$ cat my_file_21.txt   # compact mmCIF, C-alpha atoms and all ligand atoms
# COMPACT_ATOMS: atom_id res chain seq x y z
CA MET A 43 -14.45 -0.90 -13.58
CA ALA A 44 -12.63 -3.83 -15.09
CA ALA A 45 -14.05 -5.98 -12.33
CA ASN A 46 -14.30 -9.03 -14.54
CA LEU A 47 -10.73 -9.29 -15.79
CA ARG A 48 -9.34 -12.79 -15.54
CA PRO A 49 -7.14 -12.81 -12.42
CA LEU A 50 -3.42 -13.54 -12.63
CA ILE A 51 -1.76 -15.14 -9.64
CA ALA A 52 2.01 -14.83 -10.08
CA GLY A 53 4.58 -16.39 -7.77
CA ASN A 54 8.00 -14.77 -7.39
CA TRP A 55 10.41 -17.26 -5.88
CA LYS A 56 13.15 -14.60 -5.69
CA MET A 57 16.60 -16.07 -4.88
CA ASN A 58 15.11 -19.28 -3.53
CA GLY A 59 15.06 -22.71 -5.03
CA THR A 60 17.23 -25.51 -6.30
CA ARG A 61 16.27 -28.35 -8.60
CA ALA A 62 14.63 -30.09 -5.66
CA SER A 63 12.22 -27.17 -5.41
CA LEU A 64 10.72 -28.10 -8.76
CA ALA A 65 8.64 -30.59 -6.79
CA GLU A 66 6.62 -27.54 -5.66
CA LEU A 67 6.11 -26.58 -9.28
CA ASP A 68 4.95 -30.13 -10.00
CA ALA A 69 2.40 -29.72 -7.22
CA VAL A 70 1.21 -26.39 -8.62
CA VAL A 71 0.80 -28.00 -12.04
CA ALA A 72 -1.09 -30.91 -10.48
CA GLY A 73 -3.40 -28.56 -8.57
CA ALA A 74 -3.97 -26.05 -11.37
CA GLU A 75 -7.15 -27.75 -12.55
CA GLN A 76 -8.76 -26.84 -9.24
CA VAL A 77 -8.34 -23.12 -9.90
CA PRO A 78 -9.57 -22.77 -13.50
CA GLN A 79 -10.71 -19.19 -12.89
CA ALA A 80 -7.17 -17.80 -12.58
CA ASP A 81 -4.09 -17.60 -14.77
CA LEU A 82 -1.08 -19.00 -12.92
CA LEU A 83 2.53 -17.94 -13.36
CA ILE A 84 5.62 -19.09 -11.47
CA CYS A 85 8.82 -17.05 -11.67
CA PRO A 86 11.65 -19.24 -10.38
CA PRO A 87 15.30 -18.19 -10.26
CA ALA A 88 16.97 -18.10 -13.68
CA THR A 89 18.81 -21.36 -13.07
CA LEU A 90 15.50 -23.23 -12.96
CA ILE A 91 13.58 -21.58 -15.78
CA ALA A 92 14.43 -24.06 -18.52
CA ALA A 93 13.67 -27.09 -16.36
CA ALA A 94 10.52 -25.45 -15.01
CA ALA A 95 9.32 -24.66 -18.52
CA VAL A 96 9.70 -28.30 -19.52
CA LYS A 97 7.63 -29.36 -16.52
CA ALA A 98 4.94 -26.75 -17.15
CA ALA A 99 4.76 -27.22 -20.93
CA GLY A 100 1.21 -27.82 -22.10
CA THR A 101 -0.26 -27.03 -18.69
CA ARG A 102 -2.13 -23.98 -17.37
CA VAL A 103 0.95 -22.83 -15.46
CA GLY A 104 3.18 -20.26 -17.14
CA ILE A 105 6.85 -19.71 -16.32
CA GLY A 106 8.39 -16.26 -16.00
CA GLY A 107 11.71 -14.59 -15.27
CA GLN A 108 12.34 -12.22 -12.36
CA ASP A 109 14.33 -9.66 -14.33
CA CYS A 110 15.96 -9.16 -17.72
CA HIS A 111 18.62 -6.93 -19.23
CA ALA A 112 17.59 -4.20 -21.65
CA ALA A 113 19.90 -5.49 -24.39
CA ALA A 114 19.38 -8.69 -26.37
CA THR A 115 23.00 -9.86 -26.21
CA GLY A 116 26.40 -8.45 -25.34
CA ALA A 117 29.14 -7.95 -22.80
CA HIS A 118 27.02 -7.82 -19.65
CA THR A 119 28.51 -10.38 -17.30
CA GLY A 120 25.95 -12.13 -15.17
CA ASP A 121 22.93 -10.65 -16.91
CA ILE A 122 20.19 -12.42 -18.82
CA SER A 123 18.22 -11.03 -21.75
CA GLY A 124 14.55 -11.29 -22.51
CA GLU A 125 15.45 -13.32 -25.58
CA MET A 126 17.31 -15.82 -23.38
CA LEU A 127 14.32 -16.11 -21.04
CA LYS A 128 12.05 -16.67 -24.01
CA ASP A 129 14.41 -19.28 -25.41
CA ALA A 130 14.40 -21.06 -22.03
CA GLY A 131 10.62 -21.27 -22.16
CA ALA A 132 9.45 -18.20 -20.24
CA THR A 133 6.39 -16.27 -21.36
CA ALA A 134 6.68 -13.33 -18.95
CA VAL A 135 9.19 -11.38 -16.89
CA ILE A 136 8.96 -9.20 -13.80
CA VAL A 137 10.74 -5.85 -14.17
CA GLY A 138 11.26 -3.03 -11.69
CA HIS A 139 10.74 -5.08 -8.56
CA SER A 140 11.62 -2.92 -5.56
CA GLU A 141 14.42 -5.31 -4.66
CA ARG A 142 15.98 -4.66 -8.08
CA ARG A 143 15.37 -0.93 -7.75
CA THR A 144 17.05 -0.94 -4.31
CA ASP A 145 19.74 -3.64 -4.58
CA HIS A 146 20.80 -2.73 -8.10
CA GLY A 147 19.95 0.97 -8.23
CA GLU A 148 17.53 0.51 -11.12
CA THR A 149 15.94 3.78 -12.16
CA ASP A 150 12.58 4.24 -13.84
CA ALA A 151 14.41 4.68 -17.15
CA VAL A 152 16.21 1.36 -16.71
CA VAL A 153 12.96 -0.37 -15.82
CA GLN A 154 11.25 1.12 -18.87
CA ALA A 155 14.06 -0.15 -21.11
CA LYS A 156 13.69 -3.60 -19.57
CA ALA A 157 9.94 -3.61 -20.18
CA GLU A 158 10.60 -2.68 -23.81
CA ALA A 159 13.17 -5.47 -23.98
CA ALA A 160 10.60 -7.90 -22.66
CA TRP A 161 8.22 -6.91 -25.46
CA ARG A 162 10.97 -7.13 -28.06
CA ALA A 163 11.55 -10.71 -26.90
CA GLY A 164 7.84 -11.52 -27.00
CA LEU A 165 7.39 -11.66 -23.22
CA MET A 166 4.63 -10.16 -21.11
CA ALA A 167 6.12 -7.52 -18.77
CA ILE A 168 5.01 -7.31 -15.16
CA VAL A 169 6.09 -3.82 -14.13
CA CYS A 170 6.32 -3.27 -10.36
CA VAL A 171 5.66 0.04 -8.63
CA GLY A 172 5.20 0.98 -4.99
CA GLU A 173 6.11 3.49 -2.32
CA THR A 174 8.34 3.12 0.74
CA GLN A 175 7.10 3.57 4.29
CA ILE A 176 8.67 7.02 4.49
CA GLU A 177 6.98 8.07 1.27
CA ARG A 178 3.59 6.79 2.47
CA ASP A 179 3.98 8.50 5.85
CA ALA A 180 4.74 11.73 4.00
CA GLY A 181 1.46 11.38 2.08
CA LYS A 182 3.35 10.82 -1.16
CA ALA A 183 2.23 7.31 -2.14
CA LYS A 184 0.30 8.45 -5.22
CA ASP A 185 3.03 10.86 -6.27
CA VAL A 186 5.60 8.08 -6.16
CA VAL A 187 3.45 5.54 -7.95
CA GLY A 188 2.46 8.14 -10.56
CA ARG A 189 6.09 9.01 -11.18
CA GLN A 190 7.07 5.35 -11.43
CA LEU A 191 4.25 4.65 -13.89
CA ALA A 192 5.21 7.64 -16.02
CA GLY A 193 8.89 6.68 -16.01
CA SER A 194 8.83 2.88 -16.02
CA VAL A 195 5.97 1.92 -18.31
CA PRO A 196 6.67 2.25 -22.02
CA ALA A 197 4.04 3.40 -24.48
CA GLY A 198 2.40 0.60 -26.42
CA GLY A 199 1.13 -1.57 -23.61
CA THR A 200 -1.78 -3.89 -24.25
CA ALA A 201 -3.80 -6.16 -22.01
CA ALA A 202 -1.71 -9.07 -23.32
CA ASN A 203 1.79 -7.65 -22.93
CA LEU A 204 1.56 -5.51 -19.79
CA VAL A 205 0.62 -6.14 -16.19
CA ILE A 206 1.19 -3.62 -13.40
CA ALA A 207 2.00 -4.87 -9.90
CA TYR A 208 1.44 -2.47 -7.01
CA GLU A 209 3.78 -3.54 -4.23
CA PRO A 210 4.21 -1.14 -1.33
CA VAL A 211 7.86 -1.67 -0.35
CA TRP A 212 6.99 -1.72 3.35
CA ALA A 213 4.56 -4.61 2.83
CA ILE A 214 7.02 -6.89 1.02
CA GLY A 215 8.16 -9.76 3.19
CA THR A 216 7.05 -8.01 6.37
CA GLY A 217 3.70 -9.63 7.05
CA ARG A 218 2.13 -6.15 6.97
CA THR A 219 -0.41 -5.13 4.37
CA PRO A 220 -2.18 -1.87 3.62
CA THR A 221 -5.83 -1.57 4.58
CA ASN A 222 -8.38 -2.49 1.94
CA VAL A 223 -9.17 1.20 1.49
CA GLU A 224 -5.49 2.00 0.93
CA ILE A 225 -5.13 -0.79 -1.64
CA GLU A 226 -8.26 0.31 -3.51
CA GLU A 227 -7.14 3.93 -3.49
CA ILE A 228 -3.86 3.15 -5.23
CA HIS A 229 -5.35 0.58 -7.60
CA GLU A 230 -8.01 3.10 -8.65
CA PHE A 231 -5.25 5.66 -9.17
CA ILE A 232 -3.28 3.19 -11.34
CA ARG A 233 -6.42 2.29 -13.30
CA SER A 234 -7.15 5.94 -14.07
CA ASN A 235 -3.58 6.42 -15.16
CA LEU A 236 -3.74 3.41 -17.49
CA VAL A 237 -7.09 4.44 -18.94
CA GLN A 238 -5.66 7.88 -19.64
CA ASN A 239 -2.39 6.70 -21.14
CA MET A 240 -3.04 3.31 -22.70
CA LYS A 241 -6.12 4.21 -24.72
CA GLN A 242 -8.60 1.38 -25.14
CA PHE A 243 -6.32 -1.11 -23.36
CA GLY A 244 -6.18 0.76 -20.07
CA SER A 245 -9.39 -0.71 -18.72
CA GLN A 246 -8.34 -4.24 -19.72
CA MET A 247 -4.88 -4.43 -18.14
CA ARG A 248 -4.49 -6.37 -14.98
CA ILE A 249 -3.28 -4.63 -11.85
CA LEU A 250 -1.85 -7.03 -9.28
CA TYR A 251 -1.43 -6.36 -5.60
CA GLY A 252 1.79 -7.66 -4.00
CA GLY A 253 3.21 -7.57 -0.49
CA SER A 254 2.60 -10.22 2.18
CA VAL A 255 -0.24 -11.92 0.31
CA LYS A 256 -0.99 -15.26 1.95
CA PRO A 257 -3.88 -17.71 2.09
CA ALA A 258 -5.36 -15.96 5.13
CA ASN A 259 -5.69 -12.52 3.50
CA ALA A 260 -5.98 -13.42 -0.19
CA ALA A 261 -9.77 -13.60 -0.39
CA GLU A 262 -10.37 -10.12 0.97
CA ILE A 263 -7.58 -8.55 -1.11
CA LEU A 264 -8.53 -10.27 -4.37
CA LYS A 265 -12.12 -9.10 -4.18
CA LEU A 266 -11.18 -5.41 -3.99
CA THR A 267 -12.07 -3.14 -6.90
CA ASN A 268 -9.34 -3.01 -9.54
CA VAL A 269 -7.33 -5.79 -7.93
CA ASN A 270 -6.94 -8.27 -10.77
CA GLY A 271 -4.64 -10.76 -9.12
CA ALA A 272 -1.61 -10.99 -6.87
CA LEU A 273 2.16 -11.07 -7.05
CA VAL A 274 3.16 -13.46 -4.30
CA GLY A 275 6.66 -13.81 -2.84
CA GLY A 276 7.17 -15.92 0.27
CA ALA A 277 3.86 -17.74 0.07
CA SER A 278 4.57 -18.86 -3.50
CA LEU A 279 7.36 -21.16 -2.33
CA LYS A 280 4.83 -23.68 -1.09
CA ALA A 281 2.44 -25.06 -3.69
CA THR A 282 -0.37 -25.52 -1.19
CA ASP A 283 -0.21 -21.86 -0.14
CA PHE A 284 0.10 -20.62 -3.72
CA LEU A 285 -2.88 -22.70 -4.84
CA ALA A 286 -4.90 -21.61 -1.80
CA ILE A 287 -4.28 -17.97 -2.75
CA ALA A 288 -5.38 -18.68 -6.32
CA ALA A 289 -8.49 -20.47 -5.06
CA ALA A 290 -9.30 -17.56 -2.75
CA GLY A 291 -9.77 -15.30 -5.75
CA ALA A 292 -12.58 -17.42 -7.17
P1 LIG A 301 6.06 -11.23 -0.27
O1 LIG A 301 6.80 -10.64 -1.58
O2 LIG A 301 4.80 -11.89 -0.75
O3 LIG A 301 7.04 -12.19 0.31
O4 LIG A 301 5.76 -10.06 0.61
C1 LIG A 301 6.05 -10.05 -2.60
C2 LIG A 301 6.96 -9.61 -3.71
O5 LIG A 301 8.04 -9.07 -3.45
O6 LIG A 301 6.63 -9.80 -4.90
$ encode --input "my_file_21.txt" --output "structure tokens" --more "lines below"
Ligand code: PGA
Amino acid sequence: MAANLRPLIAGNWKMNGTRASLAELDAVVAGAEQVPQADLLICPPATLIAAAAVKAAGTRVGIGGQDCHAAATGAHTGDISGEMLKDAGATAVIVGHSERRTDHGETDAVVQAKAEAAWRAGLMAIVCVGETQIERDAGKAKDVVGRQLAGSVPAGGTAANLVIAYEPVWAIGTGRTPTNVEIEEIHEFIRSNLVQNMKQFGSQMRILYGGSVKPANAAEILKLTNVNGALVGGASLKATDFLAIAAAGA
């Protein structure tokens, strides 16, 4: 099902990068022609979005934010709205990353409001879900992901405005990944959920896998059923690794 969706390879730089790091973006832009089969997105820290968007303008590389506030404007010191990201040149934003859920106590309701805010601003929302090690060990991975999908994903998603990223918390930044069977199990579960709840769009939405994706494991992960791309953290900081991951999905 949905095996032929155009893959999206998204890089999440997290709290890494200064202006000098834009040289890596330049290299991604330069290498993008070699991976025509995938959509490419780089999500740098907010301080670099405007400059990154200028560099990526007119290329195959999109620029995204890593988070946004639910409101468009207001007294929210330190926060950034979807409208601001859009104005800076972003076309997408990650919401509900487990680091936001943990570090900032973001609930499913907050994540859902942020996804709606992304749409209001005209951005594609990449909504992250995923269980912790304790939850997986307790046999609750599907329960957790199902609850997060129900609570974090607003109604009204389309293939163009919504991407789901399955990122088991225990696989993020650890070098550990689930088995292929475990990844397919959860991706199939997410697909069924989307088909049930998003009407005709459910089969067309991309479901990314994230958590310790690197050039060495990208090919086997990207060929799994219902894996329509990857959300890449650490390995996205180096253009050669990021491009190798994108090429592996060909
Ligand atoms: P990682 O991060 O690739 O460094 O494991 C993935 C993510 O958090 O999106």
$ residues_near_ligand --input "my_file_21.txt" --ligand "ligand LIG 301 (chain A)" --cutoff "9 Å" --atoms "only C-alpha atoms and all ligand atoms" --output "ChimeraX atom specification"
/A:52-56,139-141,170,207,209,211-219,251-256,272-278
$ write_last_selection --input "my_file_21.txt" --atoms "C-alpha atoms" --output "PDB file, keeping the file's coordinate frame"
ATOM      1  CA  ALA A  52       2.010 -14.830 -10.080  1.00  0.00           C
ATOM      2  CA  GLY A  53       4.580 -16.390  -7.770  1.00  0.00           C
ATOM      3  CA  ASN A  54       8.000 -14.770  -7.390  1.00  0.00           C
ATOM      4  CA  TRP A  55      10.410 -17.260  -5.880  1.00  0.00           C
ATOM      5  CA  LYS A  56      13.150 -14.600  -5.690  1.00  0.00           C
ATOM      6  CA  HIS A 139      10.740  -5.080  -8.560  1.00  0.00           C
ATOM      7  CA  SER A 140      11.620  -2.920  -5.560  1.00  0.00           C
ATOM      8  CA  GLU A 141      14.420  -5.310  -4.660  1.00  0.00           C
ATOM      9  CA  CYS A 170       6.320  -3.270 -10.360  1.00  0.00           C
ATOM     10  CA  ALA A 207       2.000  -4.870  -9.900  1.00  0.00           C
ATOM     11  CA  GLU A 209       3.780  -3.540  -4.230  1.00  0.00           C
ATOM     12  CA  VAL A 211       7.860  -1.670  -0.350  1.00  0.00           C
ATOM     13  CA  TRP A 212       6.990  -1.720   3.350  1.00  0.00           C
ATOM     14  CA  ALA A 213       4.560  -4.610   2.830  1.00  0.00           C
ATOM     15  CA  ILE A 214       7.020  -6.890   1.020  1.00  0.00           C
ATOM     16  CA  GLY A 215       8.160  -9.760   3.190  1.00  0.00           C
ATOM     17  CA  THR A 216       7.050  -8.010   6.370  1.00  0.00           C
ATOM     18  CA  GLY A 217       3.700  -9.630   7.050  1.00  0.00           C
ATOM     19  CA  ARG A 218       2.130  -6.150   6.970  1.00  0.00           C
ATOM     20  CA  THR A 219      -0.410  -5.130   4.370  1.00  0.00           C
ATOM     21  CA  TYR A 251      -1.430  -6.360  -5.600  1.00  0.00           C
ATOM     22  CA  GLY A 252       1.790  -7.660  -4.000  1.00  0.00           C
ATOM     23  CA  GLY A 253       3.210  -7.570  -0.490  1.00  0.00           C
ATOM     24  CA  SER A 254       2.600 -10.220   2.180  1.00  0.00           C
ATOM     25  CA  VAL A 255      -0.240 -11.920   0.310  1.00  0.00           C
ATOM     26  CA  LYS A 256      -0.990 -15.260   1.950  1.00  0.00           C
ATOM     27  CA  ALA A 272      -1.610 -10.990  -6.870  1.00  0.00           C
ATOM     28  CA  LEU A 273       2.160 -11.070  -7.050  1.00  0.00           C
ATOM     29  CA  VAL A 274       3.160 -13.460  -4.300  1.00  0.00           C
ATOM     30  CA  GLY A 275       6.660 -13.810  -2.840  1.00  0.00           C
ATOM     31  CA  GLY A 276       7.170 -15.920   0.270  1.00  0.00           C
ATOM     32  CA  ALA A 277       3.860 -17.740   0.070  1.00  0.00           C
ATOM     33  CA  SER A 278       4.570 -18.860  -3.500  1.00  0.00           C
TER      34      SER A 278
END
$ closest_residue --input "my_file_21.txt" --among "A:Cys85, A:Ala159, A:Ala113, A:Leu236" --to "A:Leu279" --atoms "all atoms listed in the file"
A:Cys85
$ atom_distance --input "my_file_21.txt" --atom1 "atom CA of A:Met240" --atom2 "atom CA of A:Leu191"
11.5 Å
$ closest_residue --input "my_file_21.txt" --among "A:Thr149, A:Asn222, A:Asn203, A:Gln238" --to "A:Leu165" --atoms "only C-alpha atoms"
A:Asn203
$ closest_residue --input "my_file_21.txt" --among "A:Ala192, A:Ile232, A:Ala288, A:Ala112" --to "A:Asp81" --atoms "all atoms listed in the file"
A:Ala288
$ atom_distance --input "my_file_21.txt" --atom1 "atom CA of A:Val195" --atom2 "atom CA of A:Arg143"
14.4 Å
$ atom_distance --input "my_file_21.txt" --atom1 "atom CA of A:Pro196" --atom2 "atom CA of A:Gln246"
16.5 Å
$ residues_around --input "my_file_21.txt" --residues "A:His111" --least-positions-apart "3" --cutoff "12 Å" --atoms "all atoms listed in the file" --output "JSON, numbers by chain"
{"A": [107, 108, 114, 115, 116, 117, 118, 119, 120, 121, 122, 123, 124, 125, 126, 127, 135, 136, 137, 138, 142, 148, 152, 153, 154, 155, 156, 157, 158, 159, 160, 162, 163]}
$ write_last_selection --input "my_file_21.txt" --atoms "C-alpha atoms" --output "CSV table (one decimal), keeping the file's coordinate frame"
chain,number,residue,atom,x,y,z
A,107,GLY,CA,11.7,-14.6,-15.3
A,108,GLN,CA,12.3,-12.2,-12.4
A,114,ALA,CA,19.4,-8.7,-26.4
A,115,THR,CA,23.0,-9.9,-26.2
A,116,GLY,CA,26.4,-8.4,-25.3
A,117,ALA,CA,29.1,-8.0,-22.8
A,118,HIS,CA,27.0,-7.8,-19.6
A,119,THR,CA,28.5,-10.4,-17.3
A,120,GLY,CA,26.0,-12.1,-15.2
A,121,ASP,CA,22.9,-10.6,-16.9
A,122,ILE,CA,20.2,-12.4,-18.8
A,123,SER,CA,18.2,-11.0,-21.8
A,124,GLY,CA,14.6,-11.3,-22.5
A,125,GLU,CA,15.4,-13.3,-25.6
A,126,MET,CA,17.3,-15.8,-23.4
A,127,LEU,CA,14.3,-16.1,-21.0
A,135,VAL,CA,9.2,-11.4,-16.9
A,136,ILE,CA,9.0,-9.2,-13.8
A,137,VAL,CA,10.7,-5.8,-14.2
A,138,GLY,CA,11.3,-3.0,-11.7
A,142,ARG,CA,16.0,-4.7,-8.1
A,148,GLU,CA,17.5,0.5,-11.1
A,152,VAL,CA,16.2,1.4,-16.7
A,153,VAL,CA,13.0,-0.4,-15.8
A,154,GLN,CA,11.2,1.1,-18.9
A,155,ALA,CA,14.1,-0.2,-21.1
A,156,LYS,CA,13.7,-3.6,-19.6
A,157,ALA,CA,9.9,-3.6,-20.2
A,158,GLU,CA,10.6,-2.7,-23.8
A,159,ALA,CA,13.2,-5.5,-24.0
A,160,ALA,CA,10.6,-7.9,-22.7
A,162,ARG,CA,11.0,-7.1,-28.1
A,163,ALA,CA,11.6,-10.7,-26.9
$ closest_residue --input "my_file_21.txt" --among "A:Asp150, A:Trp161, A:Glu226, A:Arg61" --to "A:Arg189" --atoms "all atoms listed in the file"
A:Asp150
$ axis_aligned_box --input "my_file_21.txt" --around "stretch 166-184 of chain A" --padding-each-side "8 Å" --output "JSON"
{"center_x": 4.5, "center_y": 0.8, "center_z": -7.6, "size_x": 24.4, "size_y": 37.9, "size_z": 43.0}
$ closest_residue --input "my_file_21.txt" --among "A:Thr101, A:Lys182, A:Ala80, A:Met247" --to "A:Val169" --atoms "all atoms listed in the file"
A:Met247
$ residues_around --input "my_file_21.txt" --residues "A:Ala201" --least-positions-apart "2" --cutoff "10 Å" --atoms "all atoms listed in the file" --output "VMD selection string"
chain A and resid 47 166 199 203 to 205 240 242 to 248
$ residues_near_point --input "my_file_21.txt" --point "(-4.6, -7.2, -10.5)" --cutoff "6 Å" --atoms "all atoms listed in the file" --output "PDB file with C-alpha atoms, in the coordinates of the input"
ATOM      1  CA  ARG A 248      -4.490  -6.370 -14.980  1.00  0.00           C
ATOM      2  CA  ILE A 249      -3.280  -4.630 -11.850  1.00  0.00           C
ATOM      3  CA  LEU A 250      -1.850  -7.030  -9.280  1.00  0.00           C
ATOM      4  CA  TYR A 251      -1.430  -6.360  -5.600  1.00  0.00           C
ATOM      5  CA  VAL A 269      -7.330  -5.790  -7.930  1.00  0.00           C
ATOM      6  CA  ASN A 270      -6.940  -8.270 -10.770  1.00  0.00           C
ATOM      7  CA  GLY A 271      -4.640 -10.760  -9.120  1.00  0.00           C
TER       8      GLY A 271
END
$ closest_residue --input "my_file_21.txt" --among "A:Gly147, A:Pro210, A:Gly104, A:Pro220" --to "A:Leu83" --atoms "all atoms listed in the file"
A:Gly104
$ decode --input "my_file_21.txt" --residues "stretch 72-80 of chain A" --atoms "all heavy atoms" --output "PDB file, in the first residue's frame"
ATOM      1  N   ALA A  72      23.927  21.611  -3.806  1.00  0.00           N
ATOM      2  CA  ALA A  72      24.763  21.232  -4.952  1.00  0.00           C
ATOM      3  C   ALA A  72      24.579  19.765  -5.328  1.00  0.00           C
ATOM      4  O   ALA A  72      24.650  19.400  -6.498  1.00  0.00           O
ATOM      5  CB  ALA A  72      26.237  21.508  -4.637  1.00  0.00           C
ATOM      6  N   GLY A  73      24.315  18.920  -4.319  1.00  0.00           N
ATOM      7  CA  GLY A  73      24.195  17.489  -4.588  1.00  0.00           C
ATOM      8  C   GLY A  73      22.777  17.023  -4.866  1.00  0.00           C
ATOM      9  O   GLY A  73      22.549  15.854  -5.188  1.00  0.00           O
ATOM     10  N   ALA A  74      21.813  17.932  -4.741  1.00  0.00           N
ATOM     11  CA  ALA A  74      20.403  17.540  -4.838  1.00  0.00           C
ATOM     12  C   ALA A  74      20.053  16.944  -6.189  1.00  0.00           C
ATOM     13  O   ALA A  74      19.188  16.064  -6.283  1.00  0.00           O
ATOM     14  CB  ALA A  74      19.504  18.736  -4.545  1.00  0.00           C
ATOM     15  N   GLU A  75      20.727  17.384  -7.227  1.00  0.00           N
ATOM     16  CA  GLU A  75      20.422  16.868  -8.575  1.00  0.00           C
ATOM     17  C   GLU A  75      20.713  15.376  -8.686  1.00  0.00           C
ATOM     18  O   GLU A  75      20.159  14.699  -9.536  1.00  0.00           O
ATOM     19  CB  GLU A  75      21.235  17.629  -9.636  1.00  0.00           C
ATOM     20  CG  GLU A  75      20.890  19.112  -9.733  1.00  0.00           C
ATOM     21  CD  GLU A  75      19.384  19.354  -9.777  1.00  0.00           C
ATOM     22  OE1 GLU A  75      18.675  18.588 -10.454  1.00  0.00           O
ATOM     23  OE2 GLU A  75      18.919  20.292  -9.103  1.00  0.00           O
ATOM     24  N   GLN A  76      21.607  14.892  -7.806  1.00  0.00           N
ATOM     25  CA  GLN A  76      21.933  13.463  -7.873  1.00  0.00           C
ATOM     26  C   GLN A  76      20.889  12.580  -7.192  1.00  0.00           C
ATOM     27  O   GLN A  76      20.974  11.345  -7.277  1.00  0.00           O
ATOM     28  CB  GLN A  76      23.299  13.218  -7.221  1.00  0.00           C
ATOM     29  CG  GLN A  76      24.447  13.698  -8.095  1.00  0.00           C
ATOM     30  CD  GLN A  76      25.610  14.205  -7.266  1.00  0.00           C
ATOM     31  OE1 GLN A  76      25.931  13.634  -6.232  1.00  0.00           O
ATOM     32  NE2 GLN A  76      26.216  15.293  -7.715  1.00  0.00           N
ATOM     33  N   VAL A  77      19.941  13.191  -6.511  1.00  0.00           N
ATOM     34  CA  VAL A  77      18.891  12.389  -5.861  1.00  0.00           C
ATOM     35  C   VAL A  77      17.511  12.914  -6.286  1.00  0.00           C
ATOM     36  O   VAL A  77      16.701  13.319  -5.458  1.00  0.00           O
ATOM     37  CB  VAL A  77      19.038  12.390  -4.321  1.00  0.00           C
ATOM     38  CG1 VAL A  77      20.163  11.473  -3.905  1.00  0.00           C
ATOM     39  CG2 VAL A  77      19.279  13.778  -3.775  1.00  0.00           C
ATOM     40  N   PRO A  78      17.239  12.877  -7.585  1.00  0.00           N
ATOM     41  CA  PRO A  78      15.992  13.463  -8.088  1.00  0.00           C
ATOM     42  C   PRO A  78      14.743  12.719  -7.628  1.00  0.00           C
ATOM     43  O   PRO A  78      13.642  13.247  -7.707  1.00  0.00           O
ATOM     44  CB  PRO A  78      16.157  13.369  -9.617  1.00  0.00           C
ATOM     45  CG  PRO A  78      17.109  12.245  -9.833  1.00  0.00           C
ATOM     46  CD  PRO A  78      18.046  12.271  -8.659  1.00  0.00           C
ATOM     47  N   GLN A  79      14.944  11.486  -7.116  1.00  0.00           N
ATOM     48  CA  GLN A  79      13.773  10.672  -6.757  1.00  0.00           C
ATOM     49  C   GLN A  79      13.191  11.045  -5.398  1.00  0.00           C
ATOM     50  O   GLN A  79      12.126  10.562  -5.036  1.00  0.00           O
ATOM     51  CB  GLN A  79      14.153   9.189  -6.769  1.00  0.00           C
ATOM     52  CG  GLN A  79      14.929   8.697  -5.573  1.00  0.00           C
ATOM     53  CD  GLN A  79      16.386   9.186  -5.535  1.00  0.00           C
ATOM     54  OE1 GLN A  79      16.892   9.699  -6.517  1.00  0.00           O
ATOM     55  NE2 GLN A  79      17.030   9.036  -4.391  1.00  0.00           N
ATOM     56  N   ALA A  80      13.878  11.907  -4.635  1.00  0.00           N
ATOM     57  CA  ALA A  80      13.394  12.219  -3.286  1.00  0.00           C
ATOM     58  C   ALA A  80      13.170  13.722  -3.113  1.00  0.00           C
ATOM     59  O   ALA A  80      13.880  14.536  -3.716  1.00  0.00           O
ATOM     60  CB  ALA A  80      14.403  11.739  -2.242  1.00  0.00           C
TER      61      ALA A  80
END
